[in-house]
Each structure stands twice: as C-alpha cells, then as structure tokens.
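Asker: Got a structure for you, written out below as structure tokens; questions coming shortly.
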Amino acid sequence: MAKICVIGSSSMDLVVTSARRPGAGETVLGDSFKTVPGGKGANQAVAAARLGANVSMIGRVGDDTFGTAILNNFKANGVNTQNVKPVTHLESGTAHIVLAEGDNSIVVVEAANREVTPAYVDEAAEVIQRADIVLIQQEIPEETVVRVSEICAQSGTPLLLNPAPARKVPDEVIDKAAYITPNEHEAEILFQGMTPAEALRKYPNKLFITEGSNGVRYFDGEQEIVVPTFKVEPVDTTGAGDTFNAAFAVALAEGKPLQDSIRFANRAASLSVTKFGAQGGMPTRDEVEESLK
C-alpha cells in the first residue's frame with residue numbers, strides 16, 4: 001500500500017441546493033440542506049484511503065460536535081487520525097456551499113484549521129518523512145506550507161502541492177515541490193507575468209494545470225501534452241479537484257507513469273461528480289479500475 005501523508009484542513013460542509021444562487025441583497029428559496037464532512041485536506045485524505053492507500057492525516061478540529069463527527073468520519077474511512085488533535089479555543093472549520101446552476105459557490109471559515117501551525121507539523125515530522133508522498137493544500141497557514149516543504153526537502157519526500165484556495169505561493173515552496181496542480185485561475189495567480197505555456201515550460205513534468213472538462217495540461221520537456229478527462233453528467237462538482245489530487249498522489253506513490261497517473265486521477269474525479277457531497281461521490285479503487293477497462 002502506498003503511504004500518503006495529507007496535511008490540511010478538516011471541516012463540516014453546510015450544503016444548500018437551489019435552482020439558482022442569489023445575487024447581492026437577494027433571497028431565494030432553496031431545495032435542500034445537508035451537513036457533510038469536508039475540508040480540502042480531509043477530502044483528499046478520504047479519497048486516497050478509498051483508493052487503497054495507507055493514509056495519515058495531519059490537521060486540527062474543534063472540541064465540538066462537528067469535530068467529533070469529522071474524526072468519526074476519518075475512522076470510518078480508514079484514515080489514521082493520530083495527528084488530528086482537537087483545540088478548545090476555536091470551533092471546527094466550516095464550509096458554506098451553495099449548489100446551483102450546475103456548479104458550486106463556497107465560503108470557508110478556517111477556525112481550528114488555523115492551528116495547523118509549523119510547530120504542530122514539526123511534532124509529526126516523522127510521519128511526513130516516512131511517507132511515499134505528501135499532499136498539501138492552502139486552507140492552512142502559509143508558513144505551515146513553507147515548513148512542510150522544508151521537511152520534505154530535507155528527507156527527500158516528494159511533495160504534491162495543490163495550491164487551492166488561490167493565493168501567491170513563495171518561490172521556495174514552488175522550488176521544493178515535486179508536483180504542483182493548480183487550476184487555470186490558480187495558475188494565473190501563481191505565475192503572474194507568464195502565460196500558461198511559459199509556466200508549463202519552466203516547470204516540465206512538475207506543473208500540471210487542471211482545466212475542468214478540457215483535461216489536464218503539462219509539458220514533458222519536449223512538448224505540451226493534454227490528458228483528456230472523461231465525460232459524465234455532473235450531479236455535484238464539490239470535491240472533484242480533491243479527488244483528482246488524491247488519486248494523482250496515489251498513482252504517483254505507486255510508481256505509475258505520469259500520463260497513466262493523470263488518467264487514473266481524471267477517471268476518479270469524473271466518477272466523484274456523479275453523486276452528492278464532496279466525499280459522498282469519491283470512488284473506491286475497484287470502481288476506478290473497473291471503469292478504466
């Protein structure tokens with residue numbers, strides 16, 4: 001089993017579905033409301049575990065009912081929670097999601113996720129160093145992402161940076177990361193002053209720009225390659241990017257070639273949008289492999 005360490009956010013998603021999203025100052029009637037475990041880090045940890053990896057999560061939750069539910073969900077999905085410790089002075093993180101018109105709008109409240117600090121990840125450095133690959137996102141403090149990149153560089157552990165939500169990333173993190181997976185909007189923020197083609201050429205076999213239904217684009221050192229996605233009828237796109245990153249990490253950790261790893265990740269992501277909830281649609285390993293035949 002591939003050993004994957006995921007460092008990032010855990011939250012409870014508060015999800016409203018509606019025929020359309022409200023404009024500023026407007027009230028609309030919704031169709032349904034649900035609470036489901038989420039957070040980019042937690043989503044990626046659960047997705048990787050369902051795909052057959054041995055997953056250790058490093059994160060924080062509040063000492064509240066949401067925190068208990070998040071921890072129970074990790075355990076139900078086989079994720080190691082030794083380094084997901086509650087904090088008493090902050091509530092659990094939440095994401096407030098509106099599903100409308102075939103897409104989602106999200107407001108994230110970090111709360112306990114702000115306590116995933118450099119000192120906190122230092123306590124779990126051994127877990128990071130033993131991993132086949134480390135997966136990190138940006139719903140935690142920037143200085144923590146920097147510190148994790150340093151730990152990975154020191155131990156030679158590959159780091160997969162999913163730079164979401166979008167914000168500028170320090171050059172030292174980009175240099176130390178083995179793989180970077182922005183979407184088109186995130187790539188514009190990361191590589192200001194460069195076209196996508198220029199950024200891809202600067203980081204061959206390292207930068208992978210996800211383009212939704214158009215697939216994934218990267219530069220292999222000789223030419224630009226687009227790995228197409230799989231066409232499906234989406235039910236809920238929340239968590240598709242997290243599923244992609246988790247599946248990409250699993251495939252890479254298992255030693256699959258780059259194009260095969262992207263194809264595996266694209267297939268997992270496409271399956272994930274056919275069901276409700278960020279984690280609800282995340283496929284198992286058998287489901288992905290069966291659909292690739």
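Simple scheme: letters A, B, ... for chains in structure tokens order, numbers from 1 for residues in each chain, numbers from 1 for ligands in the order shown.
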What parts of stretch 129-224 of chain A does DSSP call strand (DSSP E)? I'd like the answer as a list in words.
Answerer: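 After running DSSP on the backbone, stretch 129-224 of chain A has strand (DSSP E) at Ile133, Val134, Leu135, Ile136, Leu159, Leu160, Leu161, Tyr179, Ile180, Ile209, Thr210, Val216, Arg217, Tyr218, Phe219 and Glu224 of chain A.
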Asker: With a cut-off of 9 Å, could you pull out the residues of stretch 96-191 of chain A touching stretch 57-80 of chain A and give me the nearest pair of atoms for each, distance in Å to one decimal, using only C-alpha atoms, ordered by chain and ascending number, as a tab-separated table?
Answerer:
```
residue	atom	partner	partner_atom	distance
A:Ala111	CA	A:Gly62	CA	8.0
A:Ala112	CA	A:Val61	CA	5.4
A:Asn113	CA	A:Arg60	CA	5.6
A:Arg114	CA	A:Arg60	CA	8.2
A:Glu115	CA	A:Arg60	CA	6.6
A:Val116	CA	A:Gly59	CA	5.8
A:Tyr120	CA	A:Gly59	CA	8.8
A:Val121	CA	A:Ile58	CA	7.3
A:Ala124	CA	A:Ile58	CA	7.6
A:Ile140	CA	A:Gly59	CA	9.0
```
Asker: Under the rule of at most 9 Å, produce a per-residue listing of stretch 99-210 of chain A near stretch 226-237 of chain A: chain, number, name, the closest pair of atoms, and the distance in Å, as a Markdown table, using only C-alpha atoms.
Answerer:
```
| residue | atom | partner | partner_atom | distance |
| --- | --- | --- | --- | --- |
| A:Leu99 | CA | A:Asp236 | CA | 7.4 |
| A:Gly102 | CA | A:Asp236 | CA | 7.4 |
| A:Asp103 | CA | A:Thr237 | CA | 6.3 |
| A:Asn104 | CA | A:Thr237 | CA | 7.0 |
```
Asker: Include C-alpha atoms and write out the residues we just selected as a short mmCIF file (atom, residue, chain, number, x, y, z; two decimals), in the first residue's frame.
Answerer:
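For reference, selection07.cif as written:
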```cif
data_model
loop_
_atom_site.label_atom_id
_atom_site.label_comp_id
_atom_site.auth_asym_id
_atom_site.auth_seq_id
_atom_site.Cartn_x
_atom_site.Cartn_y
_atom_site.Cartn_z
CA LEU A 99 -25.07 24.23 -5.27
CA GLY A 102 -24.61 23.02 -12.21
CA ASP A 103 -21.76 24.47 -10.12
CA ASN A 104 -20.85 25.48 -6.58
#
```
Asker: Just give me the gap between atom CA of A:Glu224 and atom CA of A:Asn162 in Å, one decimal is fine.
Answerer: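 Here the two named atoms are 20.4 Å from each other.
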Asker: So which residues touch A:Leu207 within 7 Å, counting only C-alpha atoms, skipping near sequence neighbours fewer than 2 positions away, as a compact mmCIF listing (two decimals) with N, CA and C atoms, in the first residue's frame?
Answerer:
```txt
# COMPACT_ATOMS: atom_id res chain seq x y z
N TYR A 179 5.48 18.20 -7.39
CA TYR A 179 4.34 18.31 -8.29
C TYR A 179 3.46 19.47 -7.81
N ILE A 180 2.93 20.26 -8.76
CA ILE A 180 2.05 21.38 -8.45
C ILE A 180 0.83 21.28 -9.36
N THR A 181 -0.38 21.38 -8.77
CA THR A 181 -1.59 21.09 -9.54
C THR A 181 -2.63 22.22 -9.44
N LEU A 200 4.32 26.30 -17.92
CA LEU A 200 4.48 24.87 -18.11
C LEU A 200 5.89 24.52 -18.57
N TYR A 203 8.45 24.61 -15.79
CA TYR A 203 8.37 23.51 -14.81
C TYR A 203 7.93 22.21 -15.48
N PRO A 204 8.77 21.64 -16.34
CA PRO A 204 8.40 20.40 -17.04
C PRO A 204 8.20 19.24 -16.07
N ASN A 205 7.16 18.47 -16.32
CA ASN A 205 6.83 17.28 -15.51
C ASN A 205 6.65 17.60 -14.03
N ILE A 209 -1.65 21.79 -14.98
CA ILE A 209 -2.77 22.71 -14.90
C ILE A 209 -4.05 21.95 -15.24
N TYR A 218 0.24 19.61 -19.27
CA TYR A 218 1.59 19.73 -18.72
C TYR A 218 2.61 19.68 -19.86
```
Asker: Would you mind listing what lies within 9 Å of A:Ala166 as JSON, numbers by chain, with only C-alpha atoms counted and same-chain residues fewer than 5 positions away left out?
Answerer: {"A": [138, 182, 185, 186, 187, 189, 190]}
Asker: For the residues in the current selection, export all heavy atoms as an mmCIF file, in the first residue's frame.
Answerer:
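Printed below is out.cif as written:
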```
data_model
loop_
_atom_site.group_PDB
_atom_site.id
_atom_site.type_symbol
_atom_site.label_atom_id
_atom_site.label_comp_id
_atom_site.auth_asym_id
_atom_site.auth_seq_id
_atom_site.Cartn_x
_atom_site.Cartn_y
_atom_site.Cartn_z
ATOM 1 N N GLN A 138 -3.976 24.741 0.633
ATOM 2 C CA GLN A 138 -3.759 26.077 1.184
ATOM 3 C C GLN A 138 -4.919 26.587 2.044
ATOM 4 O O GLN A 138 -5.106 27.800 2.151
ATOM 5 C CB GLN A 138 -3.458 27.061 0.049
ATOM 6 C CG GLN A 138 -2.181 26.700 -0.685
ATOM 7 C CD GLN A 138 -1.646 27.811 -1.557
ATOM 8 O OE1 GLN A 138 -0.461 28.079 -1.562
ATOM 9 N NE2 GLN A 138 -2.530 28.460 -2.319
ATOM 10 N N PRO A 182 -2.336 23.394 -9.984
ATOM 11 C CA PRO A 182 -3.343 24.464 -9.964
ATOM 12 C C PRO A 182 -4.390 24.273 -11.048
ATOM 13 O O PRO A 182 -4.127 23.629 -12.074
ATOM 14 C CB PRO A 182 -2.511 25.715 -10.248
ATOM 15 C CG PRO A 182 -1.428 25.212 -11.152
ATOM 16 C CD PRO A 182 -1.096 23.820 -10.649
ATOM 17 N N HIS A 185 -7.330 29.317 -12.948
ATOM 18 C CA HIS A 185 -7.363 30.544 -12.149
ATOM 19 C C HIS A 185 -6.191 30.581 -11.176
ATOM 20 O O HIS A 185 -5.515 31.616 -11.028
ATOM 21 C CB HIS A 185 -8.699 30.627 -11.396
ATOM 22 C CG HIS A 185 -8.759 31.720 -10.381
ATOM 23 N ND1 HIS A 185 -8.653 33.048 -10.720
ATOM 24 C CD2 HIS A 185 -8.886 31.684 -9.023
ATOM 25 C CE1 HIS A 185 -8.727 33.791 -9.613
ATOM 26 N NE2 HIS A 185 -8.864 32.991 -8.585
ATOM 27 N N GLU A 186 -5.936 29.483 -10.512
ATOM 28 C CA GLU A 186 -4.826 29.418 -9.557
ATOM 29 C C GLU A 186 -3.479 29.587 -10.252
ATOM 30 O O GLU A 186 -2.556 30.208 -9.709
ATOM 31 C CB GLU A 186 -4.891 28.089 -8.796
ATOM 32 C CG GLU A 186 -6.087 27.984 -7.863
ATOM 33 C CD GLU A 186 -6.549 26.562 -7.594
ATOM 34 O OE1 GLU A 186 -5.928 25.604 -8.113
ATOM 35 O OE2 GLU A 186 -7.557 26.414 -6.867
ATOM 36 N N ALA A 187 -3.353 29.039 -11.454
ATOM 37 C CA ALA A 187 -2.098 29.171 -12.204
ATOM 38 C C ALA A 187 -1.815 30.635 -12.538
ATOM 39 O O ALA A 187 -0.656 31.077 -12.496
ATOM 40 C CB ALA A 187 -2.159 28.341 -13.481
ATOM 41 N N ILE A 189 -2.572 33.215 -10.744
ATOM 42 C CA ILE A 189 -2.100 33.876 -9.522
ATOM 43 C C ILE A 189 -0.682 33.422 -9.169
ATOM 44 O O ILE A 189 0.160 34.218 -8.759
ATOM 45 C CB ILE A 189 -3.089 33.592 -8.369
ATOM 46 C CG1 ILE A 189 -4.415 34.308 -8.646
ATOM 47 C CG2 ILE A 189 -2.509 34.026 -7.022
ATOM 48 C CD1 ILE A 189 -5.501 34.005 -7.658
ATOM 49 N N LEU A 190 -0.392 32.141 -9.335
ATOM 50 C CA LEU A 190 0.924 31.607 -9.010
ATOM 51 C C LEU A 190 2.016 32.148 -9.924
ATOM 52 O O LEU A 190 3.124 32.450 -9.467
ATOM 53 C CB LEU A 190 0.914 30.071 -9.113
ATOM 54 C CG LEU A 190 0.874 29.288 -7.816
ATOM 55 C CD1 LEU A 190 -0.428 29.541 -7.082
ATOM 56 C CD2 LEU A 190 1.023 27.796 -8.104
#
```
Asker: Closest to A:Val109 among A:Asp286, A:Glu198, A:Glu26, A:Glu139, using only C-alpha atoms?
Answerer: A:Glu139
Asker: Which residue is closest to A:Leu292? Choose from A:Asn266, A:Thr274, A:Thr117, A:Gln137 and count only C-alpha atoms.
Answerer: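 Answer, going by the shortest atom-to-atom distance: A:Asn266.
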Asker: Give one line per residue of stretch 67-155 of chain A that approaches stretch 240-250 of chain A to at most 9 Å, naming the two atoms of the closest pair and their distance in Å to one decimal, counting only C-alpha atoms; sort by chain then ascending residue number and deliver it as a Markdown table.
Answerer:
```
| residue | atom | partner | partner_atom | distance |
| --- | --- | --- | --- | --- |
| A:Ile133 | CA | A:Ala249 | CA | 6.8 |
| A:Val134 | CA | A:Ala249 | CA | 8.0 |
| A:Leu135 | CA | A:Ala249 | CA | 7.2 |
```
Asker: Report, in Å with one decimal, the straight-line distance from atom CA of A:Gln154 to atom CA of A:Gln129.
Answerer: 8.6 Å
Asker: For a test of reading the model, state the distance in Å between atom CA of A:Ala19 and atom CA of A:Glu101, rounded to one decimal.
Answerer: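 Spanning atom CA of A:Ala19 to atom CA of A:Glu101 is a straight-line distance of 6.3 Å.
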Asker: Would you mind writing down, as a PyMOL selection string, each residue of stretch 77-139 of chain A that DSSP on the backbone assigns to helix (DSSP H, G or I)?
Answerer: chain A and resi 111-115+118-123+125-130
Asker: Just the residues within 10 Å of A:Met1, please, counting only C-alpha atoms, with nothing from its chain fewer than 6 positions along; format it as a list in words.
Answerer: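 Final neighbour list, sorted by chain and number: Gly52, Ala53, Asn54, Val55, Asp132, Val250, Ala253 and Glu254 of chain A.
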